[in-house]
file protein_26.cif (mmCIF, C-alpha atoms)
data_data
#
loop_
_atom_site.label_atom_id
_atom_site.label_comp_id
_atom_site.auth_asym_id
_atom_site.auth_seq_id
_atom_site.Cartn_x
_atom_site.Cartn_y
_atom_site.Cartn_z
CA MET A 20 23.81 9.57 28.48
CA ARG A 21 24.47 6.21 26.95
CA GLU A 22 26.69 5.77 23.99
CA ASN A 23 24.80 5.99 20.71
CA ARG A 24 26.75 3.74 18.41
CA LEU A 25 25.13 2.47 15.19
CA PHE A 26 24.35 -0.94 16.64
CA CYS A 27 24.93 -2.45 20.05
CA PHE A 28 24.31 -6.18 20.29
CA ASP A 29 24.51 -6.08 24.02
CA TRP A 30 21.48 -3.80 24.26
CA VAL A 31 19.47 -6.12 22.04
CA ARG A 32 20.39 -9.12 24.19
CA ARG A 33 19.47 -7.32 27.40
CA ASN A 34 16.20 -5.92 26.07
CA TRP A 35 14.99 -8.81 23.95
CA SER A 36 12.63 -10.28 26.53
CA GLY A 37 11.67 -6.92 28.03
CA VAL A 38 11.08 -4.79 24.94
CA LEU A 39 11.43 -6.49 21.59
CA GLU A 40 9.79 -9.85 22.20
CA PRO A 41 6.55 -8.46 23.66
CA ALA A 42 6.36 -5.90 20.84
CA LEU A 43 6.80 -8.68 18.27
CA GLY A 44 4.12 -10.78 19.95
CA GLN A 45 1.69 -7.86 20.06
CA HIS A 46 2.37 -7.19 16.41
CA VAL A 47 1.56 -10.77 15.42
CA VAL A 48 -1.70 -10.72 17.41
CA LEU A 49 -2.60 -7.29 15.99
CA THR A 50 -2.09 -8.65 12.46
CA LEU A 51 -4.00 -11.90 13.04
CA ILE A 52 -7.04 -10.08 14.42
CA ALA A 53 -7.10 -7.50 11.61
CA VAL A 54 -6.68 -10.05 8.83
CA GLY A 55 -9.19 -12.44 10.41
CA ILE A 56 -11.93 -9.84 10.76
CA GLY A 57 -11.07 -8.27 7.40
CA PHE A 58 -11.26 -11.64 5.69
CA ALA A 59 -14.67 -12.42 7.21
CA ILE A 60 -16.09 -9.04 6.12
CA ALA A 61 -14.51 -9.14 2.65
CA MET A 62 -15.68 -12.70 2.04
CA THR A 63 -19.25 -11.75 2.95
CA LEU A 64 -19.13 -8.67 0.71
CA ALA A 65 -17.55 -10.60 -2.16
CA LEU A 66 -20.12 -13.40 -1.99
CA ALA A 67 -22.89 -10.79 -1.94
CA ALA A 68 -21.40 -8.99 -4.95
CA TYR A 69 -20.91 -12.34 -6.72
CA ARG A 70 -24.64 -12.98 -6.50
CA LEU A 71 -25.80 -9.39 -7.02
CA SER A 72 -23.41 -7.81 -9.47
CA TRP A 73 -24.74 -4.26 -8.94
CA LEU A 74 -23.20 -4.36 -5.47
CA GLU A 75 -19.68 -4.56 -6.88
CA ARG A 76 -19.32 -0.90 -7.78
CA PRO A 77 -20.44 0.71 -4.51
CA ILE A 78 -18.43 -1.76 -2.42
CA GLY A 79 -15.41 -1.36 -4.69
CA VAL A 80 -15.50 2.43 -4.61
CA GLY A 81 -16.11 2.53 -0.85
CA SER A 82 -13.23 0.23 -0.04
CA ALA A 83 -10.97 2.04 -2.53
CA ILE A 84 -11.60 5.34 -0.73
CA LEU A 85 -10.80 3.73 2.63
CA TYR A 86 -7.64 2.26 1.13
CA THR A 87 -6.50 5.61 -0.25
CA ILE A 88 -6.75 7.49 3.06
CA PRO A 89 -3.25 7.66 4.58
CA SER A 90 -2.91 5.40 7.61
CA LEU A 91 -1.84 8.06 10.08
CA ALA A 92 -4.82 10.22 9.10
CA LEU A 93 -7.29 7.35 9.42
CA PHE A 94 -5.91 6.34 12.81
CA GLN A 95 -6.36 9.90 14.05
CA ILE A 96 -9.83 10.35 12.58
CA LEU A 97 -10.94 7.22 14.46
CA VAL A 98 -9.56 8.42 17.80
CA PRO A 99 -12.66 10.49 18.73
CA PHE A 100 -14.75 7.35 18.27
CA PHE A 101 -12.65 4.69 19.97
CA GLY A 102 -9.98 6.63 21.88
CA LEU A 103 -6.28 5.79 22.02
CA THR A 104 -6.95 2.07 22.06
CA LEU A 105 -6.31 -1.14 20.23
CA THR A 106 -9.82 -0.90 18.75
CA THR A 107 -8.87 2.26 16.84
CA ALA A 108 -5.85 0.47 15.41
CA GLU A 109 -7.82 -2.63 14.47
CA VAL A 110 -10.70 -0.76 12.80
CA ALA A 111 -8.26 1.13 10.59
CA LEU A 112 -6.19 -1.96 9.79
CA VAL A 113 -9.30 -3.99 8.93
CA SER A 114 -10.44 -1.24 6.56
CA TYR A 115 -7.12 -1.49 4.67
CA THR A 116 -7.59 -5.21 4.03
CA LEU A 117 -11.07 -4.86 2.52
CA LEU A 118 -10.21 -3.58 -0.96
CA ILE A 119 -7.48 -6.15 -1.57
CA LEU A 120 -9.41 -9.13 -0.23
CA PHE A 121 -12.75 -8.14 -1.74
CA ARG A 122 -11.29 -7.63 -5.19
CA ASN A 123 -9.19 -10.79 -5.17
CA ILE A 124 -11.98 -13.03 -3.89
CA LEU A 125 -14.46 -11.63 -6.41
CA THR A 126 -12.01 -11.83 -9.33
CA GLY A 127 -11.13 -15.40 -8.35
CA LEU A 128 -14.78 -16.42 -8.34
CA ARG A 129 -15.53 -14.64 -11.62
CA GLU A 130 -12.65 -16.37 -13.36
CA VAL A 131 -14.07 -19.83 -12.76
CA PRO A 132 -14.87 -21.04 -16.30
CA THR A 133 -18.57 -21.06 -17.12
CA GLU A 134 -18.35 -24.65 -18.37
CA VAL A 135 -17.09 -25.82 -14.98
CA ARG A 136 -19.95 -24.05 -13.24
CA ASP A 137 -22.44 -25.49 -15.71
CA THR A 138 -21.02 -28.96 -15.25
CA ALA A 139 -21.41 -28.72 -11.49
CA ARG A 140 -25.03 -27.71 -11.89
CA GLY A 141 -25.55 -30.39 -14.52
CA MET A 142 -24.28 -33.03 -12.11
CA GLY A 143 -27.10 -32.04 -9.82
CA MET A 144 -25.25 -29.78 -7.38
CA THR A 145 -27.23 -26.99 -5.80
CA ARG A 146 -25.93 -23.44 -6.11
CA ARG A 147 -24.53 -23.63 -2.62
CA GLN A 148 -22.78 -26.95 -3.23
CA SER A 149 -21.31 -25.63 -6.44
CA LEU A 150 -20.04 -22.53 -4.64
CA TRP A 151 -18.39 -24.38 -1.75
CA ARG A 152 -17.13 -27.47 -3.56
CA VAL A 153 -16.27 -26.12 -6.99
CA GLU A 154 -16.11 -22.35 -7.33
CA LEU A 155 -14.39 -21.38 -4.06
CA PRO A 156 -11.69 -24.08 -4.34
CA LEU A 157 -10.97 -22.94 -7.90
CA ALA A 158 -10.77 -19.35 -6.71
CA LEU A 159 -8.30 -20.32 -3.98
CA PRO A 160 -5.10 -19.15 -5.74
CA ALA A 161 -6.51 -15.64 -6.18
CA ILE A 162 -7.91 -15.63 -2.63
CA MET A 163 -4.56 -16.72 -1.21
CA ALA A 164 -2.75 -14.08 -3.24
CA GLY A 165 -5.07 -11.46 -1.78
CA LEU A 166 -4.59 -12.80 1.73
CA ARG A 167 -0.87 -12.56 1.28
CA ILE A 168 -0.93 -8.92 0.13
CA ALA A 169 -3.43 -7.98 2.83
CA THR A 170 -1.39 -9.61 5.60
CA VAL A 171 1.85 -7.94 4.58
CA THR A 172 0.05 -4.59 4.28
CA VAL A 173 -1.33 -4.96 7.80
CA ILE A 174 2.12 -5.80 9.17
CA SER A 175 3.47 -2.64 7.52
CA LEU A 176 0.74 -0.32 8.71
CA GLY A 177 0.67 -2.03 12.09
CA THR A 178 3.95 -0.28 12.93
CA VAL A 179 2.26 3.09 12.45
CA ALA A 180 -0.66 1.90 14.60
CA ALA A 181 1.58 2.09 17.67
CA PHE A 182 1.09 5.85 17.45
CA VAL A 183 -2.48 5.44 18.69
CA SER A 184 -2.43 2.07 20.46
CA GLY A 185 1.08 2.03 21.92
CA GLN A 186 1.47 -1.62 20.96
CA GLY A 187 3.43 -3.56 18.40
CA LEU A 188 6.80 -3.02 16.77
CA GLY A 189 6.10 0.66 16.18
CA ARG A 190 6.31 1.25 19.92
CA PRO A 191 10.08 0.70 20.30
CA ILE A 192 10.63 2.74 17.11
CA PHE A 193 8.74 5.71 18.54
CA ASP A 194 10.46 5.26 21.90
CA ALA A 195 13.86 5.28 20.21
CA ILE A 196 13.07 8.46 18.31
CA GLY A 197 11.88 10.04 21.55
CA GLU A 198 15.12 9.08 23.29
CA ASN A 199 17.51 11.18 21.25
CA VAL A 200 17.26 8.87 18.23
CA PHE A 201 18.62 5.71 19.86
CA LYS A 202 19.99 3.96 16.77
CA THR A 203 20.30 0.40 18.09
CA GLU A 204 16.63 0.24 19.00
CA LEU A 205 15.62 1.82 15.67
CA ILE A 206 17.54 -0.74 13.67
CA ALA A 207 16.51 -3.68 15.88
CA ALA A 208 12.79 -2.87 15.87
CA GLY A 209 12.75 -1.75 12.21
CA GLY A 210 14.67 -4.87 11.21
CA LEU A 211 12.29 -7.08 13.17
CA ALA A 212 9.30 -5.49 11.41
CA ILE A 213 10.87 -6.04 8.00
CA MET A 214 11.80 -9.62 8.89
CA LEU A 215 8.30 -10.35 10.20
CA ALA A 216 6.80 -9.08 6.93
CA ILE A 217 9.16 -11.05 4.71
CA VAL A 218 8.91 -14.28 6.73
CA THR A 219 5.10 -14.03 6.74
CA ASP A 220 5.10 -13.45 3.00
CA VAL A 221 7.26 -16.52 2.41
CA LEU A 222 5.13 -18.65 4.77
CA LEU A 223 1.96 -17.60 2.96
CA VAL A 224 3.50 -18.47 -0.41
CA GLY A 225 4.27 -21.90 1.02
CA LEU A 226 0.72 -22.28 2.31
CA GLN A 227 -0.62 -21.20 -1.07
CA ARG A 228 1.44 -23.90 -2.81
CA LEU A 229 0.31 -26.48 -0.26
CA LEU A 230 -3.36 -25.64 -0.64
CA THR A 231 -3.38 -25.48 -4.43
CA PRO A 232 -1.11 -28.26 -5.67
CA TRP A 233 -2.82 -28.15 -9.08
CA ALA A 234 -1.70 -24.58 -9.70
CA ARG A 235 1.95 -25.63 -9.61
CA ALA A 236 1.66 -27.76 -12.73
CA ARG A 237 0.89 -24.71 -14.88
CA MET B 2 -18.93 14.82 16.84
CA ASN B 3 -18.07 18.11 18.47
CA ASP B 4 -14.41 17.29 17.86
CA PHE B 5 -15.09 17.24 14.13
CA VAL B 6 -16.91 20.58 14.19
CA GLU B 7 -13.88 22.05 15.95
CA ALA B 8 -11.60 20.34 13.44
CA PHE B 9 -13.31 22.06 10.52
CA LYS B 10 -13.13 25.37 12.37
CA PHE B 11 -9.39 24.73 12.72
CA ILE B 12 -9.13 24.14 8.99
CA GLY B 13 -11.03 27.37 8.37
CA ARG B 14 -8.79 29.38 10.69
CA ASN B 15 -5.54 27.97 9.36
CA GLY B 16 -6.41 27.63 5.70
CA VAL B 17 -5.22 31.14 4.94
CA ASN B 18 -1.65 32.31 4.85
CA GLN B 19 -0.58 34.02 8.03
CA PRO B 20 2.91 35.33 8.56
CA GLY B 21 4.99 33.25 10.93
CA ASP B 22 2.77 30.27 11.65
CA PRO B 23 3.09 27.17 9.50
CA THR B 24 -0.38 27.20 7.97
CA LEU B 25 -2.14 24.27 6.38
CA VAL B 26 -1.52 25.77 2.93
CA HIS B 27 2.17 26.13 3.62
CA LEU B 28 2.47 22.58 4.98
CA THR B 29 0.43 21.14 2.11
CA LEU B 30 2.80 22.76 -0.39
CA LYS B 31 5.84 21.44 1.50
CA HIS B 32 4.17 18.03 1.63
CA LEU B 33 3.67 18.06 -2.14
CA GLU B 34 7.22 19.30 -2.63
CA VAL B 35 8.91 16.38 -0.85
CA SER B 36 6.43 13.90 -2.38
CA GLY B 37 7.02 15.33 -5.85
CA ALA B 38 10.79 15.22 -5.48
CA ALA B 39 10.65 11.59 -4.37
CA MET B 40 8.29 10.68 -7.23
CA ALA B 41 10.56 12.37 -9.79
CA VAL B 42 13.65 10.48 -8.61
CA ALA B 43 11.72 7.21 -8.36
CA CYS B 44 10.32 7.65 -11.89
CA LEU B 45 13.80 8.26 -13.27
CA ILE B 46 15.01 5.02 -11.69
CA ALA B 47 12.01 2.72 -12.08
CA LEU B 48 10.52 3.55 -15.48
CA PRO B 49 13.58 3.14 -17.73
CA ILE B 50 14.52 -0.17 -16.08
CA GLY B 51 10.97 -1.52 -16.11
CA VAL B 52 10.31 -0.47 -19.71
CA TRP B 53 13.64 -1.78 -20.98
CA LEU B 54 13.30 -5.16 -19.24
CA GLY B 55 9.73 -5.39 -20.51
CA HIS B 56 10.84 -4.64 -24.06
CA LEU B 57 13.48 -7.37 -23.89
CA HIS B 58 11.11 -9.76 -22.06
CA ARG B 59 13.96 -10.43 -19.69
CA GLY B 60 14.36 -10.53 -15.95
CA SER B 61 10.69 -11.22 -15.28
CA PHE B 62 11.50 -12.98 -12.03
CA VAL B 63 13.32 -9.94 -10.65
CA ALA B 64 10.92 -7.38 -12.12
CA ILE B 65 7.84 -9.06 -10.71
CA ASN B 66 9.25 -10.06 -7.35
CA ILE B 67 10.66 -6.65 -6.60
CA ALA B 68 7.09 -5.47 -6.03
CA ASN B 69 6.50 -8.30 -3.56
CA ILE B 70 9.64 -7.37 -1.67
CA GLY B 71 8.72 -3.70 -1.81
CA ARG B 72 5.29 -4.42 -0.44
CA ALA B 73 6.82 -6.32 2.45
CA LEU B 74 8.85 -3.29 3.58
CA PRO B 75 7.05 -1.54 6.44
CA GLU B 76 7.27 2.22 5.73
CA LEU B 77 7.97 3.21 9.30
CA ALA B 78 10.71 0.59 9.60
CA VAL B 79 12.41 1.85 6.42
CA ILE B 80 12.27 5.42 7.69
CA ALA B 81 13.51 4.36 11.14
CA ILE B 82 16.48 2.47 9.77
CA GLY B 83 17.18 5.41 7.46
CA VAL B 84 17.22 7.72 10.48
CA ALA B 85 19.76 5.47 12.16
CA PHE B 86 22.08 5.45 9.15
CA ILE B 87 21.66 8.87 7.55
CA GLY B 88 20.14 10.89 10.37
CA LEU B 89 17.05 13.04 10.40
CA GLY B 90 16.23 15.30 7.52
CA PHE B 91 15.22 15.80 3.93
CA TRP B 92 17.69 13.28 2.47
CA ASN B 93 16.65 10.43 4.71
CA VAL B 94 13.01 11.10 3.88
CA LEU B 95 13.76 11.31 0.18
CA VAL B 96 15.72 8.04 0.18
CA ALA B 97 13.01 6.23 2.16
CA LEU B 98 10.24 7.49 -0.12
CA VAL B 99 12.19 6.57 -3.26
CA ILE B 100 12.88 3.06 -1.93
CA LEU B 101 9.16 2.62 -1.31
CA ALA B 102 8.00 4.14 -4.62
CA VAL B 103 10.33 2.32 -7.01
CA PRO B 104 9.06 -1.30 -6.67
CA PRO B 105 5.40 -0.81 -7.67
CA MET B 106 6.38 1.46 -10.57
CA LEU B 107 9.10 -0.82 -11.87
CA THR B 108 6.87 -3.88 -11.78
CA THR B 109 3.88 -2.24 -13.45
CA ALA B 110 6.11 -0.70 -16.12
CA TYR B 111 7.55 -4.14 -16.79
CA VAL B 112 4.18 -5.88 -16.83
CA ALA B 113 2.72 -3.14 -19.06
CA VAL B 114 5.42 -3.33 -21.74
CA ALA B 115 5.94 -7.09 -21.59
CA GLY B 116 2.18 -7.57 -21.83
CA VAL B 117 1.79 -5.78 -25.18
CA ASP B 118 0.28 -8.19 -27.71
CA PRO B 119 3.27 -9.96 -29.32
CA ASP B 120 1.42 -10.08 -32.66
CA VAL B 121 1.33 -6.29 -32.73
CA VAL B 122 5.06 -6.10 -32.03
CA ASP B 123 5.77 -8.74 -34.71
CA ALA B 124 3.66 -6.81 -37.19
CA ALA B 125 5.64 -3.65 -36.43
CA ARG B 126 8.90 -5.54 -36.85
CA GLY B 127 7.62 -7.07 -40.09
CA MET B 128 6.83 -3.60 -41.39
CA GLY B 129 10.50 -2.82 -40.97
CA MET B 130 10.36 -0.65 -37.86
CA ARG B 131 13.56 -0.33 -35.89
CA GLU B 132 13.66 -1.61 -32.30
CA ARG B 133 13.80 1.94 -30.99
CA ASP B 134 10.73 2.92 -33.00
CA ILE B 135 8.84 -0.20 -31.96
CA LEU B 136 9.45 0.76 -28.35
CA ARG B 137 8.55 4.40 -28.89
CA SER B 138 5.57 4.26 -31.20
CA VAL B 139 4.06 0.83 -30.54
CA GLU B 140 4.90 -0.58 -27.14
CA LEU B 141 4.95 2.62 -25.09
CA PRO B 142 1.56 4.00 -26.20
CA LEU B 143 -0.07 0.60 -25.68
CA ALA B 144 1.62 0.13 -22.30
CA LEU B 145 1.02 3.65 -21.04
CA PRO B 146 -2.34 3.17 -19.30
CA ILE B 147 -1.14 0.23 -17.21
CA ALA B 148 2.28 1.73 -16.53
CA PHE B 149 0.54 4.89 -15.42
CA ALA B 150 -1.57 2.90 -12.96
CA GLY B 151 1.70 1.99 -11.24
CA ILE B 152 2.74 5.64 -11.07
CA ARG B 153 -0.63 6.48 -9.57
CA ILE B 154 -0.32 3.77 -6.91
CA ALA B 155 3.15 4.98 -6.02
CA ALA B 156 2.04 8.64 -5.86
CA VAL B 157 -0.75 7.91 -3.38
CA PHE B 158 1.62 5.74 -1.38
CA VAL B 159 4.28 8.47 -1.27
CA VAL B 160 1.80 11.15 -0.16
CA ALA B 161 0.60 8.83 2.62
CA THR B 162 4.10 7.89 3.70
CA ALA B 163 5.32 11.49 3.70
CA THR B 164 2.82 12.04 6.54
CA ILE B 165 4.47 9.33 8.61
CA THR B 166 7.91 10.96 8.32
CA SER B 167 6.79 13.51 10.89
CA LEU B 168 6.63 10.72 13.45
CA ALA B 169 10.31 10.10 12.80
CA GLY B 170 11.10 13.72 13.55
CA TYR B 171 11.18 15.19 10.05
CA SER B 172 9.43 18.53 9.94
CA GLY B 173 7.78 19.84 6.81
CA THR B 174 4.65 17.82 5.98
CA LEU B 175 1.06 17.85 7.14
CA GLY B 176 2.07 15.08 9.52
CA ASP B 177 3.76 17.75 11.68
CA ILE B 178 0.39 18.77 13.08
CA ILE B 179 -0.80 15.19 13.52
CA ALA B 180 2.37 14.28 15.42
CA ASN B 181 2.13 17.31 17.70
CA GLN B 182 -1.08 16.97 19.65
CA ALA B 183 0.47 18.82 22.59
CA SER B 184 0.49 22.09 20.63
CA TYR B 185 -2.46 21.69 18.30
CA ARG B 186 -4.91 19.73 20.50
CA LEU B 187 -7.33 17.19 19.11
CA PRO B 188 -9.19 19.60 16.75
CA GLY B 189 -5.91 20.60 15.09
CA VAL B 190 -4.78 16.99 14.77
CA LEU B 191 -8.14 15.96 13.35
CA GLY B 192 -8.19 18.92 10.98
CA ALA B 193 -4.77 18.01 9.63
CA ALA B 194 -5.79 14.35 9.33
CA ILE B 195 -8.82 15.37 7.28
CA CYS B 196 -6.57 17.50 5.06
CA VAL B 197 -4.16 14.60 4.53
CA ALA B 198 -7.03 12.29 3.61
CA ALA B 199 -8.40 14.89 1.19
CA LEU B 200 -4.93 15.42 -0.29
CA ALA B 201 -4.44 11.69 -0.95
CA LEU B 202 -7.87 11.33 -2.53
CA THR B 203 -7.23 14.42 -4.69
CA VAL B 204 -3.85 13.11 -5.87
CA ASP B 205 -5.47 9.77 -6.70
CA ALA B 206 -8.27 11.47 -8.64
CA ALA B 207 -5.84 13.79 -10.47
CA PHE B 208 -3.71 10.85 -11.58
CA ALA B 209 -6.83 8.93 -12.63
CA LEU B 210 -7.82 11.85 -14.84
CA LEU B 211 -4.32 12.14 -16.29
CA GLN B 212 -4.27 8.40 -16.90
CA ARG B 213 -7.48 8.68 -18.92
CA ARG B 214 -6.09 11.64 -20.89
CA LEU B 215 -2.92 9.74 -21.76
CA THR B 216 -4.73 6.62 -22.93
CA PRO B 217 -4.69 6.39 -26.73
CA ARG B 218 -8.21 6.84 -28.08
CA GLY B 219 -8.30 3.36 -29.55
CA LEU B 220 -7.70 1.84 -26.15
CA ARG B 221 -10.36 3.80 -24.30
CA LEU B 222 -13.02 1.30 -25.28
CA GLU B 223 -11.18 -1.25 -23.20
CA GLU B 224 -10.96 1.05 -20.23
CA ARG B 225 -13.15 -1.09 -18.05
CA ARG B 226 -10.54 -3.79 -18.03
CA LEU B 227 -7.76 -1.53 -16.79
CA PRO B 228 -6.69 -1.57 -13.19
CA GLN B 229 -8.66 1.01 -11.26
CA ALA B 230 -8.33 3.05 -8.09
CA GLY B 231 -5.26 2.87 -5.91
CA LEU B 232 -4.41 -0.77 -5.47
CA ALA B 233 -1.06 -2.38 -5.84
CA MET B 234 -1.71 -4.90 -8.55
CA PRO B 235 -4.88 -6.85 -7.88
CA VAL B 236 -4.73 -10.61 -8.12
CA ALA B 237 -0.96 -10.83 -8.19
CA GLU B 238 0.34 -14.36 -7.96
#
call {"tool": "encode", "arguments": {"input": "protein_26.cif", "output": "structure tokens"}}
result
Amino acid sequence: MRENRLFCFDWVRRNWSGVLEPALGQHVVLTLIAVGIGFAIAMTLALAAYRLSWLERPIGVGSAILYTIPSLALFQILVPFFGLTLTTAEVALVSYTLLILFRNILTGLREVPTEVRDTARGMGMTRRQSLWRVELPLALPAIMAGLRIATVTVISLGTVAAFVSGQGLGRPIFDAIGENVFKTELIAAGGLAIMLAIVTDVLLVGLQRLLTPWARAR
Amino acid sequence: MNDFVEAFKFIGRNGVNQPGDPTLVHLTLKHLEVSGAAMAVACLIALPIGVWLGHLHRGSFVAINIANIGRALPELAVIAIGVAFIGLGFWNVLVALVILAVPPMLTTAYVAVAGVDPDVVDAARGMGMRERDILRSVELPLALPIAFAGIRIAAVFVVATATITSLAGYSGTLGDIIANQASYRLPGVLGAAICVAALALTVDAAFALLQRRLTPRGLRLEERRLPQAGLAMPVAE
């Protein structure tokens, strides 16, 4: 049996390209797909609810229920439908982004001052032009804030997803627990997951600042 | 679909207390026990700090950003690192759950108290109320609904995360069945997953009800504007 010290740098160096790097790459892809699809769905739902306000409640309640279901339970409940695959992981992860993105996009749009909207219409813009050129850009800070929370949430829950898909940074964590609690791998993979989440969060804050220079002045 | 029929049969068979076997009832109670313990410790840490900072209107940068940092901590990673340092068992699980529950509660408590209308606080001060009384009879009642939303978010989060601890080898939550497909087969795993989902939704609903009860009557008219169902601070910037 190998020595189980708290942390062994040598192991990390030897297994970086074989174990940790692929897991990190898979985790990034997993997150990008989930956030991309989630954003597309949430944006559609939010735009629909922005037009037809009676839609807000059913969509809000539905996505809140999905959000409340514990990740491990949702992953397992989806297994009979999609098997032990990446699809199962992605469907569950997408469903966790919906509430956050939907609510932030809708709130952002609703908070556009009425005068601004009226001005856009008064200048002769159509509803669509006003939406794309005035309302959505003004809602950008709230949308970006939602994107940031959703992305970090997906990175977090993505580790648990390895239980059904066998991919991502959860994989080495589960392997390490299976191998007599191999501490080095636990700390390395856990640390990588935490670092990935924090770095992504910081990058998204930067992107948010870049995209909405006017918000900084406040 | 047949899997789900079998899953509900599993729930029916294991819903009653049998001697020896860890039944669903037994595991649900254990699940609530560890979640409750973690929530109690987290409340004792987060609420006094959040409320006090909010009352002083100080440390907003720390109080608000701690939730962002907390949100960026993957649950499984926290548990895994905890296993490496403390080892498997109740204490590791408790520490991990507390670390994850404190940030949302601290931030909402801060936001709730700091967000009380300053005119109301000034009026109370002008009437000659002492700082302690302002906190107790003015700020706390007005802040309670929002602060409670943070407790609710944390409670749902803790119940969900307690499930995951089984994957790290801790035994004593409903996750035990989910993590052990070899013994319980798919119907058992599904049955337990359905129970966990139901448990989380019930906890959320119970806290929602409690939140409404605790809201001072004068504030209930404004209820629509309060944060609703389990979401860590919508539109945070």
call {"tool": "resolve_selection", "arguments": {"input": "protein_26.cif", "expression": "the PyMOL selection byres ((chain A and resi 199) around 12)", "output": "JSON, numbers by chain"}}
result
{"A": [20, 21, 22, 23, 192, 193, 194, 195, 196, 197, 198, 200, 201, 202, 203, 204, 205], "B": [84, 85, 88, 89, 169, 170]}
call {"tool": "closest_residue", "arguments": {"input": "protein_26.cif", "among": "A:Ile88, A:Ala108, A:Leu97, A:Ala139", "to": "chain B", "atoms": "only C-alpha atoms"}}
result
A:Ile88
call {"tool": "closest_residue", "arguments": {"input": "protein_26.cif", "among": "A:Ala92, A:Ala42, A:Leu211, A:Leu125", "to": "chain B", "atoms": "all atoms listed in the file"}}
result
A:Ala92
call {"tool": "resolve_selection", "arguments": {"input": "protein_26.cif", "expression": "the PyMOL selection byres ((chain A) within 6 of (chain B))", "output": "PyMOL selection string"}}
result
chain A and resi 88-89+92+96+123+161+164+171+175+202+205-206+209+213+216-217
call {"tool": "write_last_selection", "arguments": {"input": "protein_26.cif", "atoms": "C-alpha atoms", "output": "PDB file, in the coordinates of the input"}}
result
ATOM      1  CA  ILE A  88      -6.750   7.490   3.060  1.00  0.00           C
ATOM      2  CA  PRO A  89      -3.250   7.660   4.580  1.00  0.00           C
ATOM      3  CA  ALA A  92      -4.820  10.220   9.100  1.00  0.00           C
ATOM      4  CA  ILE A  96      -9.830  10.350  12.580  1.00  0.00           C
ATOM      5  CA  ASN A 123      -9.190 -10.790  -5.170  1.00  0.00           C
ATOM      6  CA  ALA A 161      -6.510 -15.640  -6.180  1.00  0.00           C
ATOM      7  CA  ALA A 164      -2.750 -14.080  -3.240  1.00  0.00           C
ATOM      8  CA  VAL A 171       1.850  -7.940   4.580  1.00  0.00           C
ATOM      9  CA  SER A 175       3.470  -2.640   7.520  1.00  0.00           C
ATOM     10  CA  LYS A 202      19.990   3.960  16.770  1.00  0.00           C
ATOM     11  CA  LEU A 205      15.620   1.820  15.670  1.00  0.00           C
ATOM     12  CA  ILE A 206      17.540  -0.740  13.670  1.00  0.00           C
ATOM     13  CA  GLY A 209      12.750  -1.750  12.210  1.00  0.00           C
ATOM     14  CA  ILE A 213      10.870  -6.040   8.000  1.00  0.00           C
ATOM     15  CA  ALA A 216       6.800  -9.080   6.930  1.00  0.00           C
ATOM     16  CA  ILE A 217       9.160 -11.050   4.710  1.00  0.00           C
TER      17      ILE A 217
END
call {"tool": "closest_residue", "arguments": {"input": "protein_26.cif", "among": "A:Leu157, A:Leu103, A:Ala207, A:Ile78", "to": "Arg32 (chain A)", "atoms": "all atoms listed in the file"}}
result
A:Ala207
call {"tool": "atom_distance", "arguments": {"input": "protein_26.cif", "atom1": "CA of Ser82 (chain A)", "atom2": "CA of Leu117 (chain A)"}}
result
6.1 Å
call {"tool": "closest_residue", "arguments": {"input": "protein_26.cif", "among": "A:Leu188, A:Val48, A:Leu159, A:Val135", "to": "Leu176 (chain A)", "atoms": "all atoms listed in the file"}}
result
A:Leu188
call {"tool": "atom_distance", "arguments": {"input": "protein_26.cif", "atom1": "CA of Leu107 (chain B)", "atom2": "CA of Leu48 (chain B)"}}
result
5.8 Å
call {"tool": "atom_distance", "arguments": {"input": "protein_26.cif", "atom1": "CA of Pro49 (chain B)", "atom2": "CA of Arg137 (chain B)"}}
result
12.3 Å
call {"tool": "residues_around", "arguments": {"input": "protein_26.cif", "residues": "Gly225 (chain A)", "least_positions_apart": "3", "cutoff": "12 Å", "atoms": "all atoms listed in the file", "output": "PDB file with C-alpha atoms, in the frame of the given file"}}
result
ATOM      1  CA  PRO A 160      -5.100 -19.150  -5.740  1.00  0.00           C
ATOM      2  CA  MET A 163      -4.560 -16.720  -1.210  1.00  0.00           C
ATOM      3  CA  ALA A 164      -2.750 -14.080  -3.240  1.00  0.00           C
ATOM      4  CA  ARG A 167      -0.870 -12.560   1.280  1.00  0.00           C
ATOM      5  CA  VAL A 218       8.910 -14.280   6.730  1.00  0.00           C
ATOM      6  CA  THR A 219       5.100 -14.030   6.740  1.00  0.00           C
ATOM      7  CA  ASP A 220       5.100 -13.450   3.000  1.00  0.00           C
ATOM      8  CA  VAL A 221       7.260 -16.520   2.410  1.00  0.00           C
ATOM      9  CA  LEU A 222       5.130 -18.650   4.770  1.00  0.00           C
ATOM     10  CA  ARG A 228       1.440 -23.900  -2.810  1.00  0.00           C
ATOM     11  CA  LEU A 229       0.310 -26.480  -0.260  1.00  0.00           C
ATOM     12  CA  LEU A 230      -3.360 -25.640  -0.640  1.00  0.00           C
ATOM     13  CA  THR A 231      -3.380 -25.480  -4.430  1.00  0.00           C
ATOM     14  CA  PRO A 232      -1.110 -28.260  -5.670  1.00  0.00           C
ATOM     15  CA  ARG A 235       1.950 -25.630  -9.610  1.00  0.00           C
TER      16      ARG A 235
END
call {"tool": "closest_residue", "arguments": {"input": "protein_26.cif", "among": "B:Phe62, B:Phe11, B:Trp53, B:Phe91", "to": "Ala110 (chain B)", "atoms": "only C-alpha atoms"}}
result
B:Trp53
call {"tool": "decode", "arguments": {"input": "protein_26.cif", "residues": "region 30-34 of chain B", "atoms": "C-alpha atoms", "output": "short mmCIF file (atom, residue, chain, number, x, y, z; two decimals), in the first residue's frame"}}
result
data_model
loop_
_atom_site.label_atom_id
_atom_site.label_comp_id
_atom_site.auth_asym_id
_atom_site.auth_seq_id
_atom_site.Cartn_x
_atom_site.Cartn_y
_atom_site.Cartn_z
CA LEU B 30 -34.58 11.28 11.21
CA LYS B 31 -30.79 10.89 11.20
CA HIS B 32 -30.65 13.13 8.14
CA LEU B 33 -32.65 15.82 9.95
CA GLU B 34 -30.52 15.36 13.05
#
